[in-house]
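Below: one structure, written as structure tokens.
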Amino acid sequence: MTRVFRENPRRRELTLTDDELVALCVRSAASFEALPALHLGESLHVRRTPVPGVAIQRMVPSLNSITFERKGEVVGTDRLRLDVSELFWSAAHRERIATCHLARHGDHVLITEERAVPVEVIVKAAWVGTPTRVYHGLSGRTDRFGERFVERARHAPYVRFDYRNPLRGPNGEALRDECMPEALADRLIDTRAAADHALRIFALVRDRLVPLGLDVLDACFLFDESGRVLCYELSPDNMRVKDVGWFDDPSATREFDKDLWRRGSDPASLHAQWSSLLERLRALEPSDAL
């Protein structure tokens, strides 16, 4: 079965009919390996279709953590990432938020070619992850409003911009992404539009998780240079999703994201937790949206 994302504002800009999109998606999926490569990354492969401006992508079941020096593949995580992403993409489309995703056939997604930029738009809503590791001495400090920086504590969402370094430097050393000043990032992406859209999508994700007793602590987004078209997945691989009880009891059974991989969980446990997240999200999905 092939699904066309009809509510996506980006899809509505195309002259192709739904039948033409379906046919293109099916044909391109069947001949995927023979199509010209556009991007062959560690987690995503993208190839050009015969239609100018339209490409097709397939996720790769790879997981990578530079900080924890752990890299590998977990069979089935590519499909779980895609299934979860499809639910969130569709929710974004219903809110008139554009993404590059046009149609899905099995493990393949037809997309529009966008002017991608090497800038991650990060939304943080809890004292977790990179800030706790790189800002030495900040945890435990009191801010100018009298609030302490406390591990795992929630805070109002804010946006930062990271430059996406190559995975390896000239001497083969692992490179992490680096925070960019907003004025510099603005030369590559419309930072005001990107920040606005990232916060809107983050709020949309949180609104869908809260009824499930879950929360999203942070997320990474990639947009086109206009900052208005989402060009990335929305899955456990690029956001932290925790059970609300995790804040008091940070155990692996309360985690539904890549932190499981970072901290050494076995593939079976990771697959089970991500599958549980997908099932819970599907249970709340409108019947006409499935």
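Ligands are numbered from 1 in the order shown, residues from 1 within each chain, and chains are lettered A, B, ... in the order they appear in the structure tokens.
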Which residues come within 8 Å of A:Ile111, counting only C-alpha atoms, excluding same-chain residues fewer than 4 positions away, as a PDB file with N, CA and C atoms, in the first residue's frame?
```pdb
ATOM      1  N   VAL A  54      12.247  15.672  -7.392  1.00  0.00           N
ATOM      2  CA  VAL A  54      11.647  14.661  -6.518  1.00  0.00           C
ATOM      3  C   VAL A  54      12.653  13.533  -6.311  1.00  0.00           C
ATOM      4  N   ALA A  55      12.901  13.179  -5.068  1.00  0.00           N
ATOM      5  CA  ALA A  55      13.841  12.110  -4.721  1.00  0.00           C
ATOM      6  C   ALA A  55      13.117  11.052  -3.900  1.00  0.00           C
ATOM      7  N   ILE A  56      13.831   9.986  -3.569  1.00  0.00           N
ATOM      8  CA  ILE A  56      13.274   8.929  -2.740  1.00  0.00           C
ATOM      9  C   ILE A  56      14.313   8.527  -1.703  1.00  0.00           C
ATOM     10  N   GLN A  57      13.866   8.282  -0.486  1.00  0.00           N
ATOM     11  CA  GLN A  57      14.794   7.976   0.596  1.00  0.00           C
ATOM     12  C   GLN A  57      14.441   6.661   1.284  1.00  0.00           C
ATOM     13  N   CYS A 100       9.210  17.729   3.661  1.00  0.00           N
ATOM     14  CA  CYS A 100       9.587  17.338   2.302  1.00  0.00           C
ATOM     15  C   CYS A 100       8.938  16.025   1.884  1.00  0.00           C
ATOM     16  N   HIS A 101       8.163  15.394   2.751  1.00  0.00           N
ATOM     17  CA  HIS A 101       7.677  14.030   2.540  1.00  0.00           C
ATOM     18  C   HIS A 101       6.367  14.011   1.755  1.00  0.00           C
ATOM     19  N   LEU A 102       6.368  13.310   0.630  1.00  0.00           N
ATOM     20  CA  LEU A 102       5.236  13.317  -0.296  1.00  0.00           C
ATOM     21  C   LEU A 102       4.404  12.053  -0.247  1.00  0.00           C
ATOM     22  N   ALA A 103       5.063  10.911  -0.177  1.00  0.00           N
ATOM     23  CA  ALA A 103       4.348   9.636  -0.207  1.00  0.00           C
ATOM     24  C   ALA A 103       5.248   8.550   0.367  1.00  0.00           C
TER      25      ALA A 103
END
```
Using only C-alpha atoms, determine which residues lie at most 9 Å from A:Pro267, disregarding the query and same-chain residues fewer than 3 positions distant; provide the list as a short mmCIF file (atom, residue, chain, number, x, y, z; two decimals) with C-alpha atoms, in the first residue's frame.
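After the write, result_3.cif holds the following:
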```
data_model
loop_
_atom_site.label_atom_id
_atom_site.label_comp_id
_atom_site.auth_asym_id
_atom_site.auth_seq_id
_atom_site.Cartn_x
_atom_site.Cartn_y
_atom_site.Cartn_z
CA GLU A 73 23.20 -1.49 13.43
CA VAL A 74 20.03 -2.77 15.06
CA VAL A 75 17.82 -4.57 12.56
CA TRP A 261 21.78 2.76 22.87
CA LEU A 270 15.93 -1.04 22.49
CA HIS A 271 13.64 -2.59 19.90
CA ALA A 272 11.04 -3.42 22.58
#
```
Between atom CA of A:Glu86 and atom CA of A:Val216, distance in Å (one decimal): 17.2 Å
May I have all residues of stretch 43-93 of chain A that DSSP, computed from the backbone, assigns to alpha helix (DSSP H), given as a list of chain:residue names?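 Answer for stretch 43-93 of chain A, restricted to alpha helix (DSSP H): A:Thr77, A:Asp78, A:Arg79, A:Leu80, A:Arg81, A:Leu82, A:Asp83, A:Val84, A:Ser85, A:Glu86, A:Leu87, A:Phe88, A:Trp89, A:Ser90, A:Ala91, A:Ala92, A:His93.
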Selection to disk with C-alpha atoms, as a PDB file, in the first residue's frame:
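Output file part-v3.pdb is given in full below:
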```pdb
ATOM      1  CA  THR A  77      15.067   0.239  13.985  1.00  0.00           C
ATOM      2  CA  ASP A  78      14.909   1.834  10.536  1.00  0.00           C
ATOM      3  CA  ARG A  79      11.286   0.716  10.149  1.00  0.00           C
ATOM      4  CA  LEU A  80      10.408   1.834  13.686  1.00  0.00           C
ATOM      5  CA  ARG A  81      11.942   5.252  13.044  1.00  0.00           C
ATOM      6  CA  LEU A  82       9.928   5.574   9.850  1.00  0.00           C
ATOM      7  CA  ASP A  83       6.659   4.415  11.437  1.00  0.00           C
ATOM      8  CA  VAL A  84       6.963   6.884  14.330  1.00  0.00           C
ATOM      9  CA  SER A  85       8.049   9.667  11.982  1.00  0.00           C
ATOM     10  CA  GLU A  86       5.067   9.095   9.714  1.00  0.00           C
ATOM     11  CA  LEU A  87       2.685   9.666  12.621  1.00  0.00           C
ATOM     12  CA  PHE A  88       4.389  12.921  13.602  1.00  0.00           C
ATOM     13  CA  TRP A  89       4.776  14.111   9.997  1.00  0.00           C
ATOM     14  CA  SER A  90       1.056  13.595   9.461  1.00  0.00           C
ATOM     15  CA  ALA A  91       0.245  15.505  12.641  1.00  0.00           C
ATOM     16  CA  ALA A  92       2.466  18.353  11.451  1.00  0.00           C
ATOM     17  CA  HIS A  93       0.736  18.364   8.055  1.00  0.00           C
TER      18      HIS A  93
END
```
Using only C-alpha atoms, determine which residues lie at most 9 Å from A:Leu204, disregarding the query and same-chain residues fewer than 2 positions distant; provide the list as a PyMOL selection string. chain A and resi 88+91-92+95+199-202+206-209
I need the chosen residues saved as a CSV table (one decimal), in the first residue's frame, with C-alpha atoms.
```csv
chain,number,residue,atom,x,y,z
A,88,PHE,CA,4.4,12.9,13.6
A,91,ALA,CA,0.2,15.5,12.6
A,92,ALA,CA,2.5,18.4,11.5
A,95,GLU,CA,-1.3,21.8,11.4
A,199,LEU,CA,9.2,25.2,18.6
A,200,ARG,CA,5.9,24.6,16.9
A,201,ILE,CA,6.8,21.0,16.0
A,202,PHE,CA,8.3,20.4,19.4
A,206,ARG,CA,4.8,17.1,23.3
A,207,ASP,CA,1.0,17.5,23.0
A,208,ARG,CA,0.8,14.0,21.5
A,209,LEU,CA,3.0,12.4,24.2
```
Need to verify the contact set: stretch 183-195 of chain A, 9 Å, only C-alpha atoms, exclusion of same-chain residues closer than 2 positions in sequence. Can you return it as a ChimeraX atom specification? /A:117-119,121-123,158-163,180-181,197-200,221-229
Just the strand (DSSP E) stuff from stretch 128-218 of chain A, please, per backbone DSSP, written as a list of chain:residue names. A:Arg154, A:His155, A:Ala156, A:Pro157, A:Tyr158, A:Val159, A:Arg160, A:Phe161, A:Asp162, A:Tyr163, A:Glu178, A:Cys179, A:Leu214, A:Asp215, A:Val216, A:Leu217, A:Asp218
Any chance you could export the current selection's C-alpha atoms as a CSV table (one decimal), in the first residue's frame?
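Done, and the output landed in selection.csv:
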```
chain,number,residue,atom,x,y,z
A,154,ARG,CA,12.5,20.6,33.0
A,155,HIS,CA,12.8,24.2,31.8
A,156,ALA,CA,11.1,26.4,29.2
A,157,PRO,CA,12.1,25.3,25.7
A,158,TYR,CA,14.8,27.2,24.0
A,159,VAL,CA,16.5,26.9,20.5
A,160,ARG,CA,20.1,26.6,19.7
A,161,PHE,CA,21.9,26.0,16.3
A,162,ASP,CA,24.6,23.4,15.8
A,163,TYR,CA,26.9,23.1,12.8
A,178,GLU,CA,29.5,22.4,17.4
A,179,CYS,CA,27.2,25.2,18.6
A,214,LEU,CA,5.4,10.6,28.3
A,215,ASP,CA,7.4,13.8,27.7
A,216,VAL,CA,9.9,15.0,25.1
A,217,LEU,CA,13.0,16.6,26.6
A,218,ASP,CA,14.8,17.7,23.5
```
Restricting the calculation to only C-alpha atoms: of A:Thr15, A:Thr49, A:Asn8, A:Ser62, which residue gets closest to A:Gly76? A:Ser62
When you draw a straight line from atom CA of A:Ala153 to atom CA of A:Phe247, how long is it in Å?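 Distance reported for this atom pair: 7.4 Å.
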Quick one: residues within 10 Å of A:Pro52, only C-alpha atoms counted, chain neighbours fewer than 4 positions away excluded, as an NGL selection string? :A and (48 or 112-113)
